[in-house]
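Below: protein.txt (compact mmCIF, C-alpha atoms)
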# COMPACT_ATOMS: atom_id res chain seq x y z
CA MET A 94 84.94 76.97 130.11
CA PHE A 95 86.60 79.62 127.91
CA CYS A 96 89.66 77.45 127.34
CA ASN A 97 89.47 77.77 123.58
CA ILE A 98 89.22 81.41 122.52
CA LEU A 99 89.02 82.95 119.04
CA VAL A 100 90.23 86.49 118.40
CA PRO A 101 89.50 87.99 114.97
CA LEU A 102 92.16 90.60 114.19
CA ASP A 103 92.02 93.37 111.62
CA GLY A 104 94.93 95.47 112.84
CA SER A 105 92.78 98.07 114.58
CA ASP A 106 93.49 99.20 118.14
CA ASN A 107 90.20 97.62 119.22
CA SER A 108 91.16 94.22 117.80
CA LEU A 109 94.54 94.37 119.53
CA ARG A 110 92.79 95.29 122.80
CA ALA A 111 90.56 92.26 122.21
CA ALA A 112 93.71 90.12 121.90
CA ASP A 113 94.98 91.52 125.19
CA VAL A 114 91.69 90.76 126.96
CA ALA A 115 91.60 87.27 125.43
CA ALA A 116 95.11 86.64 126.76
CA GLU A 117 93.96 87.59 130.26
CA ILE A 118 90.95 85.26 130.03
CA ALA A 119 93.07 82.43 128.63
CA ASP A 120 95.52 82.91 131.48
CA LYS A 121 92.76 82.60 134.10
CA PHE A 122 91.26 79.48 132.48
CA ASN A 123 94.55 77.88 131.38
CA GLY A 124 93.35 78.26 127.82
CA ARG A 125 94.66 78.86 124.35
CA VAL A 126 93.91 81.48 121.74
CA THR A 127 93.33 81.19 118.02
CA LEU A 128 94.17 84.42 116.20
CA LEU A 129 92.22 84.85 112.97
CA HIS A 130 92.63 87.33 110.17
CA VAL A 131 90.22 87.22 107.26
CA TYR A 132 91.10 89.16 104.16
CA SER A 133 88.97 89.96 101.17
CA VAL A 134 90.48 91.13 97.92
CA ASN A 135 87.02 91.98 96.56
CA LEU A 136 86.17 94.30 99.46
CA THR A 137 89.56 95.99 99.25
CA LEU A 138 89.17 96.54 95.51
CA SER A 139 85.63 97.87 96.01
CA ILE A 140 86.92 100.42 98.50
CA TYR A 141 89.77 101.34 96.13
CA ARG A 142 87.37 101.68 93.19
CA PHE A 143 85.06 103.86 95.27
CA SER A 144 87.87 106.14 96.46
CA GLU A 145 89.86 106.29 93.21
CA GLY A 146 87.09 106.00 90.63
CA THR A 147 88.91 103.12 88.91
CA GLU A 148 87.03 100.13 87.54
CA VAL A 149 88.26 96.75 88.79
CA SER A 150 87.93 95.41 85.24
CA ASN A 151 90.90 97.63 84.34
CA PHE A 152 93.19 95.47 86.52
CA SER A 153 95.17 92.75 84.76
CA PRO A 154 95.29 89.22 86.25
CA GLU A 155 98.90 89.87 87.24
CA MET A 156 97.92 93.06 89.03
CA MET A 157 95.07 91.25 90.81
CA SER A 158 97.54 88.57 91.92
CA GLU A 159 99.96 91.20 93.22
CA ILE A 160 97.18 92.99 95.11
CA SER A 161 96.07 89.70 96.66
CA GLU A 162 99.62 88.96 97.79
CA ILE A 163 100.03 92.43 99.33
CA ILE A 164 96.77 92.03 101.25
CA ARG A 165 97.77 88.54 102.42
CA LYS A 166 101.15 89.78 103.65
CA ALA A 167 99.44 92.61 105.53
CA GLY A 168 97.28 89.95 107.19
CA GLU A 169 100.39 88.05 108.26
CA LYS A 170 101.76 91.20 109.91
CA ILE A 171 98.47 91.74 111.75
CA LEU A 172 98.53 88.17 113.05
CA SER A 173 102.16 88.61 114.15
CA LYS A 174 101.14 91.56 116.34
CA GLY A 175 98.52 89.37 118.01
CA GLU A 176 101.07 86.58 118.42
CA GLU A 177 103.45 89.02 120.16
CA ILE A 178 100.71 89.83 122.70
CA MET A 179 100.17 86.14 123.40
CA LYS A 180 103.90 85.38 123.71
CA ALA A 181 104.42 88.29 126.10
CA LYS A 182 101.76 86.80 128.40
CA GLY A 183 102.83 83.19 127.93
CA ILE A 184 99.57 82.16 126.24
CA PRO A 185 99.64 79.34 123.69
CA SER A 186 98.24 80.51 120.37
CA LYS A 187 97.88 79.61 116.76
CA LYS A 188 97.37 81.83 113.73
CA LEU A 189 94.81 81.41 110.96
CA LEU A 190 94.96 83.51 107.81
CA VAL A 191 92.02 82.94 105.49
CA ARG A 192 90.54 84.60 102.46
CA GLY A 193 86.80 85.10 102.37
CA HIS A 194 83.84 86.91 103.85
CA VAL A 195 84.81 88.15 107.31
CA VAL A 196 81.68 87.24 109.29
CA GLN A 197 81.17 83.90 107.56
CA GLU A 198 84.78 82.87 108.15
CA ILE A 199 84.72 83.90 111.81
CA ILE A 200 81.60 81.80 112.41
CA LYS A 201 82.98 78.90 110.34
CA LYS A 202 86.31 78.85 112.20
CA ALA A 203 84.53 79.09 115.56
CA ARG A 204 82.55 75.94 114.69
CA GLU A 205 85.49 74.05 113.15
CA ASN A 206 87.78 74.74 116.11
CA ASN A 207 85.25 74.13 118.91
CA ILE A 208 85.67 77.70 120.11
CA GLU A 209 84.14 78.45 123.51
CA LEU A 210 84.46 82.26 123.37
CA ILE A 211 85.01 84.85 120.66
CA VAL A 212 86.67 88.08 121.78
CA ILE A 213 86.25 90.78 119.13
CA GLY A 214 86.82 94.51 118.85
CA ALA A 215 83.70 96.70 118.71
CA LYS A 216 84.89 98.65 115.67
CA GLY A 217 87.39 97.55 113.10
CA ALA A 218 90.12 99.20 111.10
CA SER A 219 87.69 100.65 108.57
CA ARG A 220 84.43 102.42 109.16
CA VAL A 221 83.57 101.84 105.47
CA ASP A 222 82.45 98.26 106.15
CA THR A 223 80.05 99.50 108.83
CA LEU A 224 78.50 101.96 106.40
CA LEU A 225 78.21 99.46 103.57
CA ILE A 226 77.37 96.15 105.19
CA GLY A 227 76.82 96.71 108.92
CA GLY A 228 79.17 96.06 111.78
CA VAL A 229 81.16 92.84 111.77
CA SER A 230 81.02 92.47 115.55
CA GLU A 231 77.23 92.87 115.53
CA LYS A 232 76.83 90.16 112.89
CA VAL A 233 79.20 87.85 114.75
CA VAL A 234 77.16 88.32 117.95
CA ARG A 235 73.97 87.43 116.07
CA ASN A 236 75.35 84.33 114.38
CA SER A 237 77.95 82.94 116.74
CA PRO A 238 77.71 79.36 118.02
CA CYS A 239 79.31 80.48 121.32
CA PRO A 240 79.44 83.51 123.63
CA VAL A 241 80.98 86.68 122.20
CA LEU A 242 82.77 89.35 124.21
CA VAL A 243 82.86 92.69 122.39
CA ILE A 244 85.70 95.00 123.41
CA LYS A 245 85.28 98.77 123.06
Write-out of the structure in structure tokens:
Amino acid sequence: MFCNILVPLDGSDNSLRAADVAAEIADKFNGRVTLLHVYSVNLTLSIYRFSEGTEVSNFSPEMMSEISEIIRKAGEKILSKGEEIMKAKGIPSKKLLVRGHVVQEIIKKARENNIELIVIGAKGASRVDTLLIGGVSEKVVRNSPCPVLVIK
């Protein structure tokens, strides 16, 4: 029970607190943690377009590729922070960095990895996603194949 835990990370304080709680649970159940970061170039560009008033169609393919690589590297850094938390507590962990729709990928990875518990932050790094599409944690709770612990 709760030996295989998934922690979606977005770099927010809440997601890092979720990693800390997941490490404590994994320690009690002799478990392991999968750290997941899902990035979306489309969402990032939509936010940029909204804030800057620039049309995405104005970006060249090279620029789109560069933006994608910057976002991916940021995801790697976020996962490294989660990995540091696990290492400090002696918890075995693995990192997953995927591109896609956040909620869909969390649910998909939970199923694919036989996850027994998802530990997720209540609010993410951006409040924009909550305004536009609803809260990620709420949608994960509704669609998860396993129990979900939401950390405030």
Between CA of Asn107 (chain A) and CA of His130 (chain A) - distance in Å to one decimal = 13.9 Å
Pick the closest to Leu189 (chain A) from A:Lys232, A:Lys166, A:Lys202, A:Lys245: which is it, counting only C-alpha atoms?
->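 So, comparing all the options, the nearest one is A:Lys202.
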Hey, which of A:Lys180, A:Arg192, A:Lys201, A:Arg235 ends up closest to Val126 (chain A)? Count only C-alpha atoms.
-> A:Lys180
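The spacing separating CA of Phe95 (chain A) from CA of Gln197 (chain A) amounts to 21.5 Å.
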Which residue of A:Gly193, A:Gly183, A:Pro238, A:Gly168 approaches Asn206 (chain A) most closely, using all atoms listed in the file |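 Closest to Asn206 (chain A), using all atoms listed in the file: A:Pro238.
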From the list A:Lys216, A:Arg204, A:Lys182, A:His194, which residue is nearest Arg125 (chain A) when using only C-alpha atoms?
-> A:Lys182
Quick one: everything within 12 Å of Lys170 (chain A), counting all atoms listed in the file, minus sequence neighbours fewer than 4 positions away in the same chain. Send it as an MDAnalysis selection string.
-> chainID A and resid 102:104 128:130 163:166 174:177 188 190
Deliver the residues from the most recent selection as a file, using C-alpha atoms, as a CSV table (one decimal), in the coordinates of the input.
chain,number,residue,atom,x,y,z
A,102,LEU,CA,92.2,90.6,114.2
A,103,ASP,CA,92.0,93.4,111.6
A,104,GLY,CA,94.9,95.5,112.8
A,128,LEU,CA,94.2,84.4,116.2
A,129,LEU,CA,92.2,84.8,113.0
A,130,HIS,CA,92.6,87.3,110.2
A,163,ILE,CA,100.0,92.4,99.3
A,164,ILE,CA,96.8,92.0,101.2
A,165,ARG,CA,97.8,88.5,102.4
A,166,LYS,CA,101.2,89.8,103.6
A,174,LYS,CA,101.1,91.6,116.3
A,175,GLY,CA,98.5,89.4,118.0
A,176,GLU,CA,101.1,86.6,118.4
A,177,GLU,CA,103.4,89.0,120.2
A,188,LYS,CA,97.4,81.8,113.7
A,190,LEU,CA,95.0,83.5,107.8
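Among A:Ile200, A:Met94, A:Met179, A:Val241, the residue with the shortest atom-to-atom distance to Asn123 (chain A), counting only C-alpha atoms, is A:Met94.
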Please measure the separation of CA of Asn207 (chain A) and CA of Asn97 (chain A), giving the value in Å to one decimal.
->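 Pair CA of Asn207 (chain A) / CA of Asn97 (chain A) returns 7.3 Å.
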